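Containing compact mmCIF, C-alpha atoms and all ligand atoms: protein22.txt.
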```
# COMPACT_ATOMS: atom_id res chain seq x y z
CA MET A 1 6.58 -1.73 21.74
CA GLU A 2 8.44 1.04 19.99
CA PHE A 3 7.23 1.82 16.47
CA SER A 4 10.04 0.78 14.17
CA HIS A 5 9.68 1.50 10.48
CA ARG A 6 12.30 2.98 8.24
CA PRO A 7 10.71 5.16 5.55
CA VAL A 8 11.57 4.03 2.02
CA LEU A 9 12.64 6.39 -0.78
CA LEU A 10 12.41 9.29 1.69
CA ASN A 11 14.51 11.90 -0.12
CA GLU A 12 13.19 10.81 -3.49
CA THR A 13 9.60 11.22 -2.27
CA LEU A 14 10.21 14.66 -0.75
CA GLU A 15 11.86 15.77 -3.96
CA ALA A 16 9.04 14.41 -6.11
CA LEU A 17 6.39 16.12 -3.95
CA ARG A 18 8.41 19.39 -4.01
CA ILE A 19 7.07 20.46 -0.61
CA ARG A 20 6.08 24.13 -0.43
CA PRO A 21 6.30 25.68 3.08
CA GLU A 22 2.80 27.12 2.77
CA GLY A 23 1.29 24.08 1.06
CA VAL A 24 -1.45 21.67 2.20
CA TYR A 25 -0.54 17.97 2.18
CA ILE A 26 -2.23 14.67 2.94
CA ASP A 27 -0.18 11.58 3.82
CA GLY A 28 -2.70 8.75 3.37
CA THR A 29 -0.42 6.14 4.96
CA ALA A 30 1.16 7.80 7.98
CA GLY A 31 2.52 4.61 9.62
CA GLY A 32 5.29 5.72 11.96
CA ALA A 33 5.21 9.19 10.35
CA GLY A 34 8.62 8.72 8.74
CA HIS A 35 7.57 10.63 5.62
CA SER A 36 5.03 12.78 7.47
CA ALA A 37 7.59 14.17 9.93
CA GLU A 38 9.84 15.28 7.08
CA ILE A 39 6.93 16.88 5.25
CA ALA A 40 5.78 18.65 8.46
CA ARG A 41 9.31 19.89 9.13
CA ARG A 42 9.28 21.74 5.81
CA LEU A 43 5.99 23.56 6.46
CA THR A 44 5.63 27.09 7.84
CA THR A 45 2.06 28.21 7.33
CA GLY A 46 1.23 24.99 5.52
CA ARG A 47 -0.74 21.99 6.88
CA LEU A 48 -0.31 18.25 6.93
CA ILE A 49 -3.07 15.73 7.50
CA ALA A 50 -1.54 12.35 8.33
CA VAL A 51 -3.98 9.47 7.87
CA ASP A 52 -3.81 5.80 8.83
CA LYS A 53 -6.47 3.18 9.44
CA ASP A 54 -4.37 1.30 11.98
CA PRO A 55 -4.97 2.58 15.52
CA ASP A 56 -1.37 1.68 16.53
CA ALA A 57 -0.01 3.75 13.64
CA VAL A 58 -2.30 6.64 14.55
CA ALA A 59 -0.95 6.58 18.11
CA ALA A 60 2.67 6.41 16.92
CA ALA A 61 2.21 9.13 14.29
CA SER A 62 0.41 11.38 16.79
CA GLU A 63 3.33 11.13 19.17
CA ARG A 64 5.97 11.65 16.50
CA LEU A 65 4.13 14.65 15.03
CA SER A 66 3.15 16.23 18.36
CA CYS A 67 5.98 18.76 18.04
CA PHE A 68 4.60 20.01 14.71
CA PRO A 69 1.54 22.25 15.16
CA GLN A 70 1.18 22.18 11.36
CA ALA A 71 0.26 18.48 11.48
CA ALA A 72 -2.91 16.62 12.47
CA VAL A 73 -3.38 12.85 12.59
CA VAL A 74 -6.64 11.19 11.58
CA ARG A 75 -7.73 7.56 11.81
CA GLU A 76 -9.35 6.87 8.46
CA ASP A 77 -9.13 4.60 5.43
CA PHE A 78 -7.46 6.41 2.54
CA ARG A 79 -10.17 5.08 0.26
CA ASN A 80 -12.30 7.85 1.83
CA ILE A 81 -9.73 10.56 1.10
CA ARG A 82 -12.14 12.80 -0.76
CA ALA A 83 -14.81 12.67 1.95
CA LEU A 84 -12.15 13.33 4.59
CA TRP A 85 -10.80 16.31 2.61
CA ALA A 86 -14.33 17.71 2.28
CA SER A 87 -15.13 17.16 5.98
CA LEU A 88 -12.04 19.13 6.99
CA SER A 89 -12.99 21.97 4.59
CA LEU A 90 -9.50 21.89 3.10
CA PRO A 91 -8.67 23.84 -0.06
CA PRO A 92 -7.44 21.88 -3.11
CA VAL A 93 -4.22 20.30 -1.87
CA ASP A 94 -0.59 20.63 -2.96
CA GLY A 95 0.33 17.01 -2.47
CA VAL A 96 -0.88 13.54 -1.53
CA LEU A 97 1.36 10.63 -0.57
CA LEU A 98 0.41 6.95 -0.52
CA ASP A 99 3.17 4.63 0.73
CA LEU A 100 1.34 1.34 0.34
CA GLY A 101 1.39 -1.99 2.11
CA VAL A 102 2.33 -2.93 5.65
CA SER A 103 4.78 -1.22 7.97
CA SER A 104 7.68 -3.07 9.52
CA HIS A 105 5.98 -2.41 12.85
CA GLN A 106 2.88 -4.34 11.78
CA LEU A 107 5.05 -7.24 10.58
CA ASP A 108 7.18 -7.24 13.73
CA CYS A 109 4.23 -7.09 16.12
CA ALA A 110 3.56 -10.82 16.53
CA GLU A 111 0.02 -10.57 17.86
CA ARG A 112 -1.18 -8.70 14.75
CA GLY A 113 -0.84 -11.99 12.87
CA PHE A 114 0.90 -10.64 9.74
CA SER A 115 3.99 -12.78 10.01
CA TYR A 116 4.68 -16.45 9.33
CA ARG A 117 7.72 -16.15 11.57
CA ASN A 118 5.74 -16.02 14.82
CA ASP A 119 2.86 -18.09 16.12
CA ALA A 120 -0.05 -15.76 16.80
CA PRO A 121 -3.79 -15.42 16.10
CA LEU A 122 -4.43 -15.39 12.34
CA ASP A 123 -5.59 -11.77 12.14
CA MET A 124 -3.77 -9.47 9.62
CA ARG A 125 -6.28 -6.60 9.86
CA MET A 126 -4.61 -3.21 9.64
CA SER A 127 -7.77 -1.44 10.84
CA ARG A 128 -8.46 -4.10 13.51
CA GLN A 129 -11.98 -4.20 12.10
CA GLY A 130 -13.85 -6.56 9.79
CA MET A 131 -12.85 -9.90 8.33
CA THR A 132 -9.70 -11.59 9.66
CA ALA A 133 -7.24 -13.86 7.85
CA ALA A 134 -8.76 -16.76 9.81
CA ASP A 135 -12.19 -15.89 8.33
CA VAL A 136 -10.68 -16.06 4.82
CA VAL A 137 -8.75 -19.29 5.39
CA ASN A 138 -11.67 -21.04 7.11
CA GLY A 139 -14.51 -19.57 5.08
CA TYR A 140 -13.43 -19.20 1.43
CA SER A 141 -14.03 -22.01 -1.06
CA ALA A 142 -10.97 -23.71 -2.53
CA GLY A 143 -11.63 -21.85 -5.80
CA GLU A 144 -11.65 -18.48 -4.04
CA LEU A 145 -8.47 -19.34 -2.15
CA ILE A 146 -6.72 -20.31 -5.39
CA ARG A 147 -7.69 -16.96 -6.93
CA VAL A 148 -6.36 -15.01 -3.94
CA LEU A 149 -3.09 -16.96 -3.73
CA ARG A 150 -2.48 -16.78 -7.48
CA GLU A 151 -3.51 -13.21 -8.08
CA TYR A 152 -2.06 -11.50 -5.01
CA GLY A 153 0.79 -13.88 -4.21
CA GLU A 154 1.78 -15.16 -7.66
CA GLU A 155 1.89 -18.53 -5.90
CA ARG A 156 2.37 -21.29 -8.46
CA PHE A 157 1.35 -23.96 -5.95
CA ALA A 158 -1.96 -22.22 -5.20
CA PRO A 159 -4.15 -25.27 -5.98
CA ARG A 160 -2.06 -27.59 -3.78
CA ILE A 161 -2.09 -25.08 -0.92
CA ALA A 162 -5.84 -24.47 -1.25
CA ARG A 163 -6.53 -28.21 -1.17
CA ALA A 164 -4.30 -28.66 1.88
CA ILE A 165 -6.12 -25.83 3.67
CA GLU A 166 -9.49 -27.37 2.80
CA GLU A 167 -8.41 -30.77 4.09
CA ARG A 168 -6.98 -29.51 7.34
CA ARG A 169 -9.87 -27.20 8.29
CA LYS A 170 -12.30 -30.14 8.06
CA THR A 171 -10.88 -31.44 11.32
CA LYS A 172 -10.19 -28.11 13.02
CA PRO A 173 -10.50 -24.51 11.83
CA PHE A 174 -7.25 -22.55 11.55
CA GLU A 175 -6.59 -20.26 14.48
CA THR A 176 -2.92 -19.31 14.31
CA THR A 177 -0.29 -18.13 11.84
CA GLY A 178 1.87 -21.10 12.87
CA GLU A 179 -0.79 -23.63 11.87
CA LEU A 180 -1.23 -21.97 8.51
CA ALA A 181 2.50 -21.58 7.84
CA GLU A 182 2.99 -25.27 8.58
CA THR A 183 0.13 -26.37 6.31
CA ILE A 184 1.48 -24.23 3.47
CA ARG A 185 5.01 -25.52 3.92
CA ASP A 186 3.82 -29.12 3.86
CA ALA A 187 1.74 -28.49 0.72
CA ILE A 188 4.71 -27.23 -1.30
CA PRO A 189 6.93 -29.88 -2.92
CA ALA A 190 10.15 -30.35 -0.94
CA ALA A 191 12.40 -29.30 -3.85
CA ALA A 192 10.52 -25.99 -4.28
CA ARG A 193 10.61 -25.19 -0.55
CA ARG A 194 14.21 -24.18 -0.82
CA GLU A 195 13.55 -21.47 -3.44
CA GLY A 196 12.76 -17.81 -2.78
CA GLY A 197 12.62 -17.44 1.00
CA HIS A 198 10.07 -18.90 3.40
CA PRO A 199 7.55 -21.16 1.64
CA ALA A 200 4.60 -19.29 3.22
CA LYS A 201 5.81 -15.81 2.24
CA ARG A 202 3.78 -15.44 -0.95
CA SER A 203 0.61 -16.88 0.58
CA PHE A 204 0.80 -14.61 3.62
CA GLN A 205 1.22 -11.58 1.36
CA ALA A 206 -1.78 -12.67 -0.70
CA LEU A 207 -3.99 -13.15 2.37
CA ARG A 208 -2.95 -9.77 3.75
CA ILE A 209 -3.90 -8.04 0.49
CA GLU A 210 -7.28 -9.81 0.52
CA VAL A 211 -8.04 -9.19 4.22
CA ASN A 212 -7.29 -5.49 3.90
CA GLY A 213 -8.87 -4.99 0.47
CA GLU A 214 -5.62 -3.33 -0.53
CA LEU A 215 -6.16 -3.23 -4.28
CA ASP A 216 -9.77 -2.06 -3.98
CA ALA A 217 -8.68 0.74 -1.66
CA LEU A 218 -5.99 1.83 -4.10
CA ALA A 219 -8.38 1.75 -7.06
CA ALA A 220 -10.88 3.84 -5.12
CA ALA A 221 -8.27 6.30 -3.86
CA LEU A 222 -6.28 7.11 -7.01
CA GLU A 223 -8.90 9.12 -8.84
CA ASP A 224 -10.12 10.79 -5.65
CA ALA A 225 -6.61 11.74 -4.56
CA PHE A 226 -5.91 13.21 -8.00
CA SER A 227 -9.25 15.02 -7.99
CA ILE A 228 -8.53 16.96 -4.78
CA LEU A 229 -5.16 18.30 -6.02
CA ALA A 230 -4.82 21.96 -6.88
CA PRO A 231 -3.35 22.69 -10.32
CA GLY A 232 0.40 22.21 -9.78
CA GLY A 233 -0.29 19.77 -6.92
CA ARG A 234 1.37 16.36 -6.93
CA LEU A 235 0.35 12.79 -6.14
CA ALA A 236 3.15 10.40 -5.16
CA VAL A 237 2.56 6.67 -4.75
CA ILE A 238 5.05 4.09 -3.47
CA THR A 239 4.11 0.52 -4.41
CA PHE A 240 5.56 -2.84 -3.36
CA HIS A 241 3.80 -5.21 -5.71
CA SER A 242 3.51 -5.41 -9.49
CA LEU A 243 -0.31 -5.35 -9.35
CA GLU A 244 -0.24 -2.09 -7.41
CA ASP A 245 2.38 -0.55 -9.68
CA ARG A 246 0.39 -1.52 -12.78
CA MET A 247 -2.71 0.19 -11.39
CA VAL A 248 -0.82 3.39 -10.64
CA LYS A 249 0.93 3.38 -14.02
CA LYS A 250 -2.40 2.90 -15.83
CA ALA A 251 -4.20 5.61 -13.87
CA PHE A 252 -1.36 8.10 -14.45
CA ALA A 253 -1.29 7.25 -18.17
CA GLU A 254 -4.99 8.07 -18.33
CA TYR A 255 -4.49 11.47 -16.64
CA THR A 256 -1.68 12.42 -19.01
CA LYS A 257 -3.56 11.41 -22.14
CA GLY A 258 -4.47 14.29 -24.45
CA CYS A 259 -6.43 14.21 -27.69
CA ILE A 260 -8.12 10.88 -28.41
CA CYS A 261 -9.26 11.68 -31.96
CA PRO A 262 -8.45 9.05 -34.61
CA PRO A 263 -5.07 9.86 -36.24
CA GLU A 264 -6.71 10.41 -39.64
CA PHE A 265 -8.71 13.42 -38.34
CA PRO A 266 -7.14 16.62 -39.75
CA VAL A 267 -8.03 18.61 -36.61
CA CYS A 268 -8.91 17.68 -33.05
CA VAL A 269 -12.62 17.49 -32.38
CA CYS A 270 -12.51 15.82 -28.94
CA GLY A 271 -11.02 18.88 -27.28
CA ARG A 272 -9.35 16.66 -24.70
CA THR A 273 -6.11 17.88 -23.19
CA PRO A 274 -3.98 16.19 -20.52
CA ARG A 275 -5.08 16.63 -16.88
CA GLY A 276 -1.62 15.85 -15.56
CA LYS A 277 2.04 15.46 -16.44
CA LEU A 278 4.41 12.81 -15.13
CA VAL A 279 7.02 13.96 -12.63
CA THR A 280 8.72 10.56 -12.80
CA GLY A 281 8.92 8.94 -16.24
CA LYS A 282 10.22 5.58 -15.12
CA PRO A 283 9.39 4.65 -11.53
CA VAL A 284 12.03 5.68 -9.01
CA THR A 285 13.68 2.79 -7.16
CA ALA A 286 16.00 2.64 -4.16
CA SER A 287 19.64 3.70 -4.36
CA PRO A 288 22.36 1.09 -3.80
CA GLU A 289 22.90 2.53 -0.29
CA GLU A 290 19.23 2.18 0.61
CA LEU A 291 19.05 -1.32 -0.89
CA GLU A 292 21.86 -2.32 1.39
CA GLU A 293 20.31 -0.83 4.50
CA ASN A 294 16.62 -1.64 4.12
CA ARG A 295 15.26 -4.93 2.85
CA ARG A 296 11.79 -3.45 2.30
CA SER A 297 13.19 -1.01 -0.26
CA HIS A 298 13.94 -3.81 -2.76
CA SER A 299 10.44 -3.93 -4.18
CA ALA A 300 9.62 -0.23 -3.70
CA LYS A 301 8.66 1.86 -6.75
CA LEU A 302 7.77 5.53 -6.59
CA ARG A 303 5.63 7.22 -9.24
CA CYS A 304 4.56 10.84 -9.13
CA ILE A 305 2.22 12.94 -11.25
CA GLU A 306 1.51 16.68 -11.28
CA LYS A 307 -1.98 18.00 -11.91
CA LEU A 308 -2.26 20.52 -14.72
CA LYS A 309 -5.95 21.42 -14.53
CA ASP A 310 -9.24 20.19 -13.10
C1 LIG B 401 4.34 1.26 4.46
S1 LIG B 401 3.47 1.86 5.84
C2 LIG B 401 3.73 3.60 5.80
C3 LIG B 401 4.97 4.02 6.50
C4 LIG B 401 5.19 5.52 6.59
N1 LIG B 401 5.27 6.15 5.30
C5 LIG B 401 6.45 5.80 7.40
O1 LIG B 401 7.45 6.18 6.80
O2 LIG B 401 6.45 5.62 8.61
C6 LIG B 401 1.81 1.77 5.29
C7 LIG B 401 0.80 2.26 6.30
O3 LIG B 401 -0.41 2.49 5.60
C8 LIG B 401 -1.48 2.04 6.35
N2 LIG B 401 -2.55 1.72 5.40
C9 LIG B 401 -2.56 0.73 4.49
N3 LIG B 401 -3.70 0.76 3.80
C10 LIG B 401 -4.42 1.82 4.27
C11 LIG B 401 -5.68 2.37 3.94
N4 LIG B 401 -6.46 1.85 2.98
N5 LIG B 401 -6.09 3.47 4.62
C12 LIG B 401 -5.32 4.02 5.59
N6 LIG B 401 -4.12 3.52 5.96
C13 LIG B 401 -3.68 2.43 5.29
C14 LIG B 401 -0.97 0.87 7.14
O4 LIG B 401 -1.73 0.70 8.31
C15 LIG B 401 0.48 1.26 7.40
O5 LIG B 401 0.61 1.89 8.65
ZN ZN B 402 -8.96 15.27 -30.18
```
With the file now loaded, output its structure as structure tokens.
Amino acid sequence: MEFSHRPVLLNETLEALRIRPEGVYIDGTAGGAGHSAEIARRLTTGRLIAVDKDPDAVAAASERLSCFPQAAVVREDFRNIRALWASLSLPPVDGVLLDLGVSSHQLDCAERGFSYRNDAPLDMRMSRQGMTAADVVNGYSAGELIRVLREYGEERFAPRIARAIEERRKTKPFETTGELAETIRDAIPAAARREGGHPAKRSFQALRIEVNGELDALAAALEDAFSILAPGGRLAVITFHSLEDRMVKKAFAEYTKGCICPPEFPVCVCGRTPRGKLVTGKPVTASPEELEENRRSHSAKLRCIEKLKD
């Protein structure tokens, strides 16, 4: 199957990262190498390390980047970005990109189990390792399921869905996306089923975030990605969910914070100065043209920060 994923906010991201031809860059979410290829194209003596934890993405990115000797592709979780950087003996880097979430390829590939539109094994693992969505759905308590559905899916019918899952798995554990999608649809009141797209959309998103530990990975990666930047280097993050965006916004606010002395102090005694400055004040969102062409771009938000000092 051909790897189909249209990069979101491509020009905006390249502009925010301000690619230097001799710079060193890490793309932590290579996917189909949409962003990576454009970064690599701008390098002369520079280097690009394109990282993904999905073996399919690694294969696709390797092929797409094979014409760029400046680029190397690595299968790794971006939560280990600092260890990876150290193992490659890279200098402090000029830019890091994280374009979060799933690729269109992962969603379109039925047997990966990300989509409620196809009937396939309930998997959803980007890395193809560890706990599957079936393990979550069959193994979590109703309370844990409610937390996941509420927190990661903002699903207002979380308790009804969790109870329906609990009931159904008593007779037979869930095996496929179709079985789960049907159970979720039946658990949602008929009047509400007509609102906001497919009734299982929010629950599937929530399970995917849980299965892949997406928020934990982001929390672990933000500080480490910032820490490996050279002064003047930039970290750009594209989020697709308000929880992700809030985490990025908060982390960046922390890096840009200067003196923390109480306002009544006549002079600063903390000596703290900002470690970074924002490249994007408000998050950058898709242009009207991109919104029209790419559905995924609707929830995309780009934030970028520049490191001032270590
Ligand atoms: C939105 S896609 C990136 C698309 C890419 N920028 C492009 O234009 O082709 C996100 C990619 O990040 C990968 N990914 C998500 N979480 C990851 C993690 N913690 N470590 C490494 N890769 C991750 C996914 O497997 C997926 O391929
Ligand atoms: Zn101070």
Atom-to-atom span, atom CA of A:Val137 and atom N3 of ligand LIG 401 (chain B), Å: 20.7 Å
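Shortest separation to ligand ZN 402 (chain B) among A:Pro266, A:Pro288, A:Gly281, A:Gly232 occurs at residue A:Pro266, atoms counted being all atoms listed in the file.
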Close residues, stretch 91-103 of chain A itself excluded, 9 Å, only C-alpha atoms, min 5 positions apart in chain, as a PyMOL selection string: chain A and resi 4-8+13+17-20+23-32+35+57+78+85-86+108+114+126+208-209+214+218+225-241+244+302+306
Give me a file of those residues, with C-alpha atoms, as a PDB file, in the frame of the given file.
```pdb
ATOM      1  CA  SER A   4      10.040   0.780  14.170  1.00  0.00           C
ATOM      2  CA  HIS A   5       9.680   1.500  10.480  1.00  0.00           C
ATOM      3  CA  ARG A   6      12.300   2.980   8.240  1.00  0.00           C
ATOM      4  CA  PRO A   7      10.710   5.160   5.550  1.00  0.00           C
ATOM      5  CA  VAL A   8      11.570   4.030   2.020  1.00  0.00           C
ATOM      6  CA  THR A  13       9.600  11.220  -2.270  1.00  0.00           C
ATOM      7  CA  LEU A  17       6.390  16.120  -3.950  1.00  0.00           C
ATOM      8  CA  ARG A  18       8.410  19.390  -4.010  1.00  0.00           C
ATOM      9  CA  ILE A  19       7.070  20.460  -0.610  1.00  0.00           C
ATOM     10  CA  ARG A  20       6.080  24.130  -0.430  1.00  0.00           C
ATOM     11  CA  GLY A  23       1.290  24.080   1.060  1.00  0.00           C
ATOM     12  CA  VAL A  24      -1.450  21.670   2.200  1.00  0.00           C
ATOM     13  CA  TYR A  25      -0.540  17.970   2.180  1.00  0.00           C
ATOM     14  CA  ILE A  26      -2.230  14.670   2.940  1.00  0.00           C
ATOM     15  CA  ASP A  27      -0.180  11.580   3.820  1.00  0.00           C
ATOM     16  CA  GLY A  28      -2.700   8.750   3.370  1.00  0.00           C
ATOM     17  CA  THR A  29      -0.420   6.140   4.960  1.00  0.00           C
ATOM     18  CA  ALA A  30       1.160   7.800   7.980  1.00  0.00           C
ATOM     19  CA  GLY A  31       2.520   4.610   9.620  1.00  0.00           C
ATOM     20  CA  GLY A  32       5.290   5.720  11.960  1.00  0.00           C
ATOM     21  CA  HIS A  35       7.570  10.630   5.620  1.00  0.00           C
ATOM     22  CA  ALA A  57      -0.010   3.750  13.640  1.00  0.00           C
ATOM     23  CA  PHE A  78      -7.460   6.410   2.540  1.00  0.00           C
ATOM     24  CA  TRP A  85     -10.800  16.310   2.610  1.00  0.00           C
ATOM     25  CA  ALA A  86     -14.330  17.710   2.280  1.00  0.00           C
ATOM     26  CA  ASP A 108       7.180  -7.240  13.730  1.00  0.00           C
ATOM     27  CA  PHE A 114       0.900 -10.640   9.740  1.00  0.00           C
ATOM     28  CA  MET A 126      -4.610  -3.210   9.640  1.00  0.00           C
ATOM     29  CA  ARG A 208      -2.950  -9.770   3.750  1.00  0.00           C
ATOM     30  CA  ILE A 209      -3.900  -8.040   0.490  1.00  0.00           C
ATOM     31  CA  GLU A 214      -5.620  -3.330  -0.530  1.00  0.00           C
ATOM     32  CA  LEU A 218      -5.990   1.830  -4.100  1.00  0.00           C
ATOM     33  CA  ALA A 225      -6.610  11.740  -4.560  1.00  0.00           C
ATOM     34  CA  PHE A 226      -5.910  13.210  -8.000  1.00  0.00           C
ATOM     35  CA  SER A 227      -9.250  15.020  -7.990  1.00  0.00           C
ATOM     36  CA  ILE A 228      -8.530  16.960  -4.780  1.00  0.00           C
ATOM     37  CA  LEU A 229      -5.160  18.300  -6.020  1.00  0.00           C
ATOM     38  CA  ALA A 230      -4.820  21.960  -6.880  1.00  0.00           C
ATOM     39  CA  PRO A 231      -3.350  22.690 -10.320  1.00  0.00           C
ATOM     40  CA  GLY A 232       0.400  22.210  -9.780  1.00  0.00           C
ATOM     41  CA  GLY A 233      -0.290  19.770  -6.920  1.00  0.00           C
ATOM     42  CA  ARG A 234       1.370  16.360  -6.930  1.00  0.00           C
ATOM     43  CA  LEU A 235       0.350  12.790  -6.140  1.00  0.00           C
ATOM     44  CA  ALA A 236       3.150  10.400  -5.160  1.00  0.00           C
ATOM     45  CA  VAL A 237       2.560   6.670  -4.750  1.00  0.00           C
ATOM     46  CA  ILE A 238       5.050   4.090  -3.470  1.00  0.00           C
ATOM     47  CA  THR A 239       4.110   0.520  -4.410  1.00  0.00           C
ATOM     48  CA  PHE A 240       5.560  -2.840  -3.360  1.00  0.00           C
ATOM     49  CA  HIS A 241       3.800  -5.210  -5.710  1.00  0.00           C
ATOM     50  CA  GLU A 244      -0.240  -2.090  -7.410  1.00  0.00           C
ATOM     51  CA  LEU A 302       7.770   5.530  -6.590  1.00  0.00           C
ATOM     52  CA  GLU A 306       1.510  16.680 -11.280  1.00  0.00           C
TER      53      GLU A 306
END
```
Point-to-point distance in Å for atom CA of A:Ala251 and atom CA of A:Glu223: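 According to the coordinates, atom CA of A:Glu223 and atom CA of A:Ala251 are separated by 7.7 Å.
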Exercise: A:Phe174 partners within 9 Å, only C-alpha atoms, chain neighbours under 5 positions left out, as a ChimeraX atom specification: /A:122,134-135,137-138,165,168-169,179-180
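The gap separating atom CA of A:His105 from atom N3 of ligand LIG 401 (chain B) is 13.6 Å, in Å to one decimal.
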Closest of A:Gly276, A:Pro283, A:Gly113, A:Gly139 to A:Ala16 - atom-to-atom distances counting all atoms listed in the file: A:Pro283
Test item: which residues lie within 10 Å of (0.6, 14.2, 14.1) counting all atoms listed in the file, as an NGL selection string: :A and (30 or 32-33 or 36-37 or 40 or 48-51 or 58-74)
Box for stretch 263-277 of chain A - axis-aligned, 8 Å on each of the six sides, all listed atoms - centre and size in Å to one decimal, as lines of an AutoDock Vina configuration file.
```
center_x = -5.3
center_y = 14.4
center_z = -27.7
size_x = 30.7
size_y = 25.0
size_z = 40.2
```
Ligand ZN 402 (chain B) neighbours within 12 Å using all atoms listed in the file, as a PyMOL selection string: chain A and resi 257-274
